[in-house]
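Notes follow once the structure below has been shown.
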Amino acid sequence: MTSPTTPQTVAAAILHAIAAAPAAFDMGFWYSPTGKQLNLRPDAPVPDGVTLDVAAWAARVTGWTLTTGGHATKNGTTKHVGDICREALHIDGQSPDLFWMPDDRVLTLLRNLADQR
């Protein structure tokens with residue numbers, strides 16, 4: 001699996017992943033149910049009852065394995081999914097509004113970024 005590398009291709013990959021599993025998208029939590037031990041590889045299906053926010057989806061589509069507490073691992077490195085998302089979408093660290101937007105606004109932002117309006 002080749003991971004997307006530009007903000008536009010990452011946004012498009014997130015939209016594609018969410019379209020394939022819309023019930024697994026929820027901006028209410030990094031991922032839910034919170035406190036659940038995860039070892040969710042990027043190529044594994046999201047289990048029933050688990051939801052992911054945009055940061056967790058960004059981590060997945062760029063090849064990270066979701067773990068516990070909003071973190072992910074890749075090649076022996078652990079990072080918070082918010083940091084992974086900021087890097088992947090080239091979001092300024094001082095502009096975290098994306099993480100607090102409702103679902104529909106996040107999808108609109110991703111469509112605009114991916115030029116899929």
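Ordering of the structure tokens sets the chain letters (A, B, ...); residue numbers start at 1 within each chain; ligands are numbered from 1 in the order shown.
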
Which residues are close to A:Asn39, i.e. within 9 Å by only C-alpha atoms, leaving aside same-chain residues fewer than 5 positions away? Reply as a PDB file with N, CA, C and O atoms, in the first residue's frame.
```
ATOM      1  N   THR A  65      -0.381   2.845  12.475  1.00  0.00           N
ATOM      2  CA  THR A  65      -1.229   1.927  13.228  1.00  0.00           C
ATOM      3  C   THR A  65      -1.743   2.666  14.451  1.00  0.00           C
ATOM      4  O   THR A  65      -0.957   3.183  15.255  1.00  0.00           O
ATOM      5  N   LEU A  66      -3.064   2.737  14.591  1.00  0.00           N
ATOM      6  CA  LEU A  66      -3.661   3.418  15.741  1.00  0.00           C
ATOM      7  C   LEU A  66      -3.490   2.565  16.989  1.00  0.00           C
ATOM      8  O   LEU A  66      -3.732   1.359  16.964  1.00  0.00           O
ATOM      9  N   THR A  67      -3.078   3.222  18.066  1.00  0.00           N
ATOM     10  CA  THR A  67      -2.893   2.516  19.333  1.00  0.00           C
ATOM     11  C   THR A  67      -3.812   3.152  20.367  1.00  0.00           C
ATOM     12  O   THR A  67      -4.955   3.435  20.061  1.00  0.00           O
ATOM     13  N   THR A  68      -3.335   3.399  21.564  1.00  0.00           N
ATOM     14  CA  THR A  68      -4.185   3.876  22.649  1.00  0.00           C
ATOM     15  C   THR A  68      -3.956   5.354  22.920  1.00  0.00           C
ATOM     16  O   THR A  68      -2.866   5.871  22.717  1.00  0.00           O
ATOM     17  N   ALA A  72      -0.481   6.813  17.556  1.00  0.00           N
ATOM     18  CA  ALA A  72      -0.274   5.856  16.474  1.00  0.00           C
ATOM     19  C   ALA A  72       1.214   5.562  16.362  1.00  0.00           C
ATOM     20  O   ALA A  72       2.052   6.365  16.786  1.00  0.00           O
TER      21      ALA A  72
END
```

Let's see if you can do this: from backbone DSSP, list all helix (DSSP H, G or I) residues in stretch 26-104 of chain A, as a VMD selection string. chain A and resid 54 to 61 81 to 89 96 to 100 103 to 104

Excluding A:Ala23 and its own-chain neighbours fewer than 2 positions away, which residues fall within 9 Å of it when counting only C-alpha atoms? Please give them as an MDAnalysis selection string. chainID A and resid 18 21 25:26 48:51

Residue contacts of A:Val54 (9 Å, only C-alpha atoms) excluding same-chain residues fewer than 5 positions away, as a ChimeraX atom specification: /A:14,25-27,30,59,82,85,98-99,103,106-107

With distances taken over only C-alpha atoms, the candidate from A:Ile91, A:Pro42, A:His16, A:Ala24 nearest A:Thr2 is A:Pro42
